[in-house]
$ cat start_3.pdb   # PDB, C-alpha atoms
ATOM      1  CA  GLN A  18      67.378 103.795  75.679
ATOM      2  CA  VAL A  19      70.245 105.185  73.616
ATOM      3  CA  GLN A  20      71.872 103.350  70.712
ATOM      4  CA  LEU A  21      75.292 104.245  69.324
ATOM      5  CA  VAL A  22      76.422 103.464  65.794
ATOM      6  CA  GLU A  23      80.107 103.795  64.975
ATOM      7  CA  SER A  24      81.905 103.858  61.665
ATOM      8  CA  GLY A  25      85.268 104.688  60.179
ATOM      9  CA  GLY A  26      87.684 102.088  61.493
ATOM     10  CA  GLY A  27      90.070 100.186  59.280
ATOM     11  CA  LEU A  28      93.643  99.350  58.405
ATOM     12  CA  VAL A  29      96.179 102.118  57.887
ATOM     13  CA  GLN A  30      99.946 102.395  57.734
ATOM     14  CA  ALA A  31     101.869 104.150  60.465
ATOM     15  CA  GLY A  32     101.759 107.893  59.967
ATOM     16  CA  GLY A  33      98.368 107.715  58.286
ATOM     17  CA  SER A  34      94.994 109.068  59.323
ATOM     18  CA  LEU A  35      91.518 107.780  60.061
ATOM     19  CA  ARG A  36      88.285 109.444  61.117
ATOM     20  CA  LEU A  37      85.825 107.725  63.395
ATOM     21  CA  SER A  38      82.170 108.732  63.592
ATOM     22  CA  CYS A  39      79.507 107.929  66.151
ATOM     23  CA  ALA A  40      75.833 108.807  66.114
ATOM     24  CA  ALA A  41      73.480 108.436  69.057
ATOM     25  CA  SER A  42      69.812 107.669  68.522
ATOM     26  CA  GLY A  43      66.858 106.829  70.703
ATOM     27  CA  ASN A  44      66.146 108.757  73.882
ATOM     28  CA  ALA A  45      69.378 110.761  73.808
ATOM     29  CA  PHE A  46      69.536 113.808  76.044
ATOM     30  CA  SER A  47      70.882 116.960  74.403
ATOM     31  CA  LEU A  48      73.033 117.595  77.488
ATOM     32  CA  ASN A  49      75.586 114.817  77.456
ATOM     33  CA  THR A  50      79.218 113.883  77.226
ATOM     34  CA  MET A  51      80.355 111.674  74.382
ATOM     35  CA  GLY A  52      83.728 110.217  73.789
ATOM     36  CA  TRP A  53      85.971 107.437  72.602
ATOM     37  CA  TYR A  54      87.657 104.656  74.515
ATOM     38  CA  ARG A  55      89.867 101.898  73.176
ATOM     39  CA  GLN A  56      90.886  98.413  74.148
ATOM     40  CA  ALA A  57      93.943  96.647  72.794
ATOM     41  CA  PRO A  58      94.352  92.864  73.049
ATOM     42  CA  GLY A  59      95.229  91.846  76.584
ATOM     43  CA  LYS A  60      94.754  95.348  77.939
ATOM     44  CA  SER A  61      92.040  97.202  79.809
ATOM     45  CA  ARG A  62      89.746  99.650  78.103
ATOM     46  CA  GLU A  63      91.183 103.163  78.306
ATOM     47  CA  LEU A  64      89.940 106.670  77.674
ATOM     48  CA  VAL A  65      91.005 108.289  74.411
ATOM     49  CA  ALA A  66      89.020 111.535  74.380
ATOM     50  CA  THR A  67      85.755 113.018  75.624
ATOM     51  CA  ILE A  68      83.761 116.141  74.777
ATOM     52  CA  ASN A  69      80.652 117.634  76.312
ATOM     53  CA  SER A  70      77.629 118.661  74.286
ATOM     54  CA  GLY A  71      78.667 122.325  74.256
ATOM     55  CA  GLY A  72      82.168 121.484  73.097
ATOM     56  CA  THR A  73      83.588 123.469  76.004
ATOM     57  CA  ASN A  74      85.045 120.604  77.999
ATOM     58  CA  ILE A  75      87.443 118.346  76.088
ATOM     59  CA  ASN A  76      89.794 115.764  77.514
ATOM     60  CA  TYR A  77      92.487 113.684  75.823
ATOM     61  CA  ALA A  78      94.676 110.861  76.952
ATOM     62  CA  ASP A  79      98.298 111.999  77.086
ATOM     63  CA  SER A  80      99.206 109.370  74.499
ATOM     64  CA  VAL A  81      97.021 110.978  71.812
ATOM     65  CA  LYS A  82      97.391 114.689  72.563
ATOM     66  CA  GLY A  83      98.491 116.605  69.503
ATOM     67  CA  ARG A  84      97.573 113.748  67.159
ATOM     68  CA  PHE A  85      93.854 113.133  67.737
ATOM     69  CA  THR A  86      91.023 115.658  67.638
ATOM     70  CA  ILE A  87      87.545 115.054  69.005
ATOM     71  CA  SER A  88      84.625 117.143  67.811
ATOM     72  CA  ARG A  89      80.848 117.277  67.831
ATOM     73  CA  GLY A  90      78.674 117.303  64.741
ATOM     74  CA  ASN A  91      76.025 119.836  63.804
ATOM     75  CA  THR A  92      73.499 117.525  65.395
ATOM     76  CA  LYS A  93      74.451 117.459  69.050
ATOM     77  CA  ASN A  94      74.389 113.695  69.341
ATOM     78  CA  THR A  95      77.186 112.955  66.910
ATOM     79  CA  VAL A  96      80.858 112.819  67.720
ATOM     80  CA  TYR A  97      83.953 112.425  65.589
ATOM     81  CA  LEU A  98      87.534 111.423  66.269
ATOM     82  CA  GLN A  99      90.116 112.571  63.740
ATOM     83  CA  MET A 100      93.226 110.476  64.201
ATOM     84  CA  ASN A 101      96.444 111.666  62.574
ATOM     85  CA  SER A 102     100.013 110.440  62.763
ATOM     86  CA  LEU A 103      98.781 107.016  63.745
ATOM     87  CA  LYS A 104     101.193 104.634  65.437
ATOM     88  CA  PRO A 105     101.123 100.830  65.722
ATOM     89  CA  GLU A 106     100.386 101.234  69.429
ATOM     90  CA  ASP A 107      97.100 102.924  68.515
ATOM     91  CA  THR A 108      95.865  99.546  67.274
ATOM     92  CA  ALA A 109      92.746  98.650  69.256
ATOM     93  CA  VAL A 110      89.004  98.344  69.167
ATOM     94  CA  TYR A 111      87.597 101.838  69.580
ATOM     95  CA  TYR A 112      84.315 102.258  71.424
ATOM     96  CA  CYS A 113      82.007 105.245  71.375
ATOM     97  CA  ASN A 114      80.579 106.239  74.747
ATOM     98  CA  TYR A 115      77.590 108.363  75.712
ATOM     99  CA  ARG A 116      76.916 109.668  79.238
ATOM    100  CA  ALA A 117      73.968 111.704  80.440
ATOM    101  CA  ILE A 118      71.784 112.029  83.502
ATOM    102  CA  SER A 119      69.710 109.169  82.130
ATOM    103  CA  GLY A 120      72.616 106.727  81.991
ATOM    104  CA  THR A 121      75.487 105.446  79.880
ATOM    105  CA  ALA A 122      75.653 103.687  76.537
ATOM    106  CA  TRP A 123      78.421 102.016  74.531
ATOM    107  CA  GLY A 124      78.801 101.366  70.849
ATOM    108  CA  GLN A 125      79.646  97.966  69.426
ATOM    109  CA  GLY A 126      83.250  98.967  68.718
ATOM    110  CA  THR A 127      85.215  99.513  65.531
ATOM    111  CA  GLN A 128      88.624  98.021  64.823
ATOM    112  CA  VAL A 129      91.553 100.295  64.099
ATOM    113  CA  THR A 130      94.735  98.571  62.950
ATOM    114  CA  VAL A 131      97.945 100.489  62.314
ATOM    115  CA  SER A 132     100.678  98.613  60.496
ATOM    116  CA  SER A 133     104.343  99.455  60.892
TER     117      SER A 133
END
$ encode --input "start_3.pdb" --output "structure tokens"
Amino acid sequence: QVQLVESGGGLVQAGGSLRLSCAASGNAFSLNTMGWYRQAPGKSRELVATINSGGTNINYADSVKGRFTISRGNTKNTVYLQMNSLKPEDTAVYYCNYRAISGTAWGQGTQVTVSS
């Protein structure tokens, strides 16, 4: 079983930056896709960005392209989300996601609040 631990959320003013981190532990496969999803109050969970373990396949939601950057750490089972030029509409709980042949795991979520 894979466990995900997230960190880095918080409160920031519009135009500011935050960096989210997520580390996978347990029986994590080295070949995997990790990413970030978010869920705002009253809305469905939506994809923010994903990256495969080789860093060769990266996907972003249109709403964050050019502002957010997803990357992998030196240890393959870590993922980061650098969020710049944050907007109030980016306010949500951000969830780390792990997918591999063995299954899927979710983090507990970290709150990101952007004030106007």
$ closest_residue --input "start_3.pdb" --among "A:Thr108, A:Trp123, A:Phe46, A:Ala117" --to "A:Gly26" --atoms "all atoms listed in the file"
A:Thr108
$ closest_residue --input "start_3.pdb" --among "A:Ser70, A:Asn101, A:Thr86, A:Asn44" --to "A:Ala31" --atoms "all atoms listed in the file"
A:Asn101
$ residues_around --input "start_3.pdb" --residues "A:Thr50" --least-positions-apart "2" --cutoff "10 Å" --atoms "only C-alpha atoms" --output "mmCIF file with C-alpha atoms, in the coordinates of the input"
data_model
loop_
_atom_site.group_PDB
_atom_site.id
_atom_site.type_symbol
_atom_site.label_atom_id
_atom_site.label_comp_id
_atom_site.auth_asym_id
_atom_site.auth_seq_id
_atom_site.Cartn_x
_atom_site.Cartn_y
_atom_site.Cartn_z
ATOM 1 C CA PHE A 46 69.536 113.808 76.044
ATOM 2 C CA SER A 47 70.882 116.960 74.403
ATOM 3 C CA LEU A 48 73.033 117.595 77.488
ATOM 4 C CA GLY A 52 83.728 110.217 73.789
ATOM 5 C CA THR A 67 85.755 113.018 75.624
ATOM 6 C CA ILE A 68 83.761 116.141 74.777
ATOM 7 C CA ASN A 69 80.652 117.634 76.312
ATOM 8 C CA SER A 70 77.629 118.661 74.286
ATOM 9 C CA GLY A 71 78.667 122.325 74.256
ATOM 10 C CA GLY A 72 82.168 121.484 73.097
ATOM 11 C CA ASN A 74 85.045 120.604 77.999
ATOM 12 C CA ILE A 75 87.443 118.346 76.088
ATOM 13 C CA ASN A 94 74.389 113.695 69.341
ATOM 14 C CA VAL A 96 80.858 112.819 67.720
ATOM 15 C CA ASN A 114 80.579 106.239 74.747
ATOM 16 C CA TYR A 115 77.590 108.363 75.712
ATOM 17 C CA ARG A 116 76.916 109.668 79.238
ATOM 18 C CA ALA A 117 73.968 111.704 80.440
ATOM 19 C CA ILE A 118 71.784 112.029 83.502
ATOM 20 C CA THR A 121 75.487 105.446 79.880
#
$ closest_residue --input "start_3.pdb" --among "A:Asn49, A:Ser38, A:Gln125, A:Ser132" --to "A:Ile87" --atoms "all atoms listed in the file"
A:Ser38
$ atom_distance --input "start_3.pdb" --atom1 "atom CA of A:Ala57" --atom2 "atom CA of A:Gly83"
20.7 Å
$ build_atoms --input "start_3.pdb" --residues "stretch 80-103 of chain A" --atoms "N, CA, C and O atoms" --output "compact mmCIF listing (two decimals), keeping the file's coordinate frame"
# COMPACT_ATOMS: atom_id res chain seq x y z
N SER A 80 98.61 110.10 75.62
CA SER A 80 99.21 109.37 74.50
C SER A 80 98.70 109.83 73.13
O SER A 80 99.32 109.53 72.12
N VAL A 81 97.58 110.56 73.11
CA VAL A 81 97.02 110.98 71.81
C VAL A 81 97.01 112.50 71.64
O VAL A 81 96.65 112.99 70.56
N LYS A 82 97.39 113.23 72.67
CA LYS A 82 97.39 114.69 72.56
C LYS A 82 98.28 115.14 71.41
O LYS A 82 99.39 114.66 71.24
N GLY A 83 97.75 116.08 70.63
CA GLY A 83 98.49 116.60 69.50
C GLY A 83 98.34 115.80 68.23
O GLY A 83 98.75 116.24 67.16
N ARG A 84 97.76 114.60 68.34
CA ARG A 84 97.57 113.75 67.16
C ARG A 84 96.09 113.50 66.86
O ARG A 84 95.70 113.39 65.70
N PHE A 85 95.28 113.41 67.90
CA PHE A 85 93.85 113.13 67.74
C PHE A 85 93.05 114.38 68.06
O PHE A 85 93.43 115.17 68.94
N THR A 86 91.93 114.54 67.37
CA THR A 86 91.02 115.66 67.64
C THR A 86 89.60 115.14 67.72
O THR A 86 89.12 114.49 66.79
N ILE A 87 88.95 115.44 68.84
CA ILE A 87 87.54 115.05 69.00
C ILE A 87 86.67 116.27 68.74
O ILE A 87 87.04 117.40 69.06
N SER A 88 85.52 116.04 68.12
CA SER A 88 84.62 117.14 67.81
C SER A 88 83.18 116.65 67.79
O SER A 88 82.92 115.45 67.69
N ARG A 89 82.27 117.60 67.90
CA ARG A 89 80.85 117.28 67.83
C ARG A 89 80.33 117.67 66.45
O ARG A 89 80.81 118.61 65.83
N GLY A 90 79.30 116.97 66.01
CA GLY A 90 78.67 117.30 64.74
C GLY A 90 77.64 118.41 64.90
O GLY A 90 77.39 118.90 66.00
N ASN A 91 77.06 118.80 63.77
CA ASN A 91 76.03 119.84 63.80
C ASN A 91 74.81 119.37 64.60
O ASN A 91 74.14 120.17 65.26
N THR A 92 74.51 118.09 64.51
CA THR A 92 73.50 117.52 65.40
C THR A 92 74.23 117.13 66.66
O THR A 92 75.26 116.46 66.62
N LYS A 93 73.73 117.55 67.79
CA LYS A 93 74.45 117.46 69.05
C LYS A 93 74.85 116.03 69.40
O LYS A 93 75.79 115.82 70.13
N ASN A 94 74.13 115.05 68.90
CA ASN A 94 74.39 113.70 69.34
C ASN A 94 75.25 112.91 68.36
O ASN A 94 75.08 111.70 68.20
N THR A 95 76.17 113.62 67.72
CA THR A 95 77.19 112.96 66.91
C THR A 95 78.55 113.40 67.40
O THR A 95 78.73 114.53 67.86
N VAL A 96 79.50 112.51 67.29
CA VAL A 96 80.86 112.82 67.72
C VAL A 96 81.83 112.19 66.73
O VAL A 96 81.57 111.13 66.18
N TYR A 97 82.95 112.88 66.52
CA TYR A 97 83.95 112.42 65.59
C TYR A 97 85.31 112.35 66.30
O TYR A 97 85.56 113.08 67.26
N LEU A 98 86.16 111.50 65.79
CA LEU A 98 87.53 111.42 66.27
C LEU A 98 88.45 111.39 65.04
O LEU A 98 88.49 110.40 64.31
N GLN A 99 89.13 112.50 64.82
CA GLN A 99 90.12 112.57 63.74
C GLN A 99 91.45 112.10 64.30
O GLN A 99 91.97 112.69 65.26
N MET A 100 91.98 111.07 63.71
CA MET A 100 93.23 110.48 64.20
C MET A 100 94.31 110.65 63.14
O MET A 100 94.20 110.09 62.04
N ASN A 101 95.32 111.42 63.48
CA ASN A 101 96.44 111.67 62.57
C ASN A 101 97.72 111.08 63.17
O ASN A 101 97.79 110.78 64.36
N SER A 102 98.71 110.96 62.33
CA SER A 102 100.01 110.44 62.76
C SER A 102 99.86 109.15 63.57
O SER A 102 100.44 109.00 64.65
N LEU A 103 99.08 108.25 63.02
CA LEU A 103 98.78 107.02 63.74
C LEU A 103 100.03 106.16 63.93
O LEU A 103 100.92 106.13 63.07
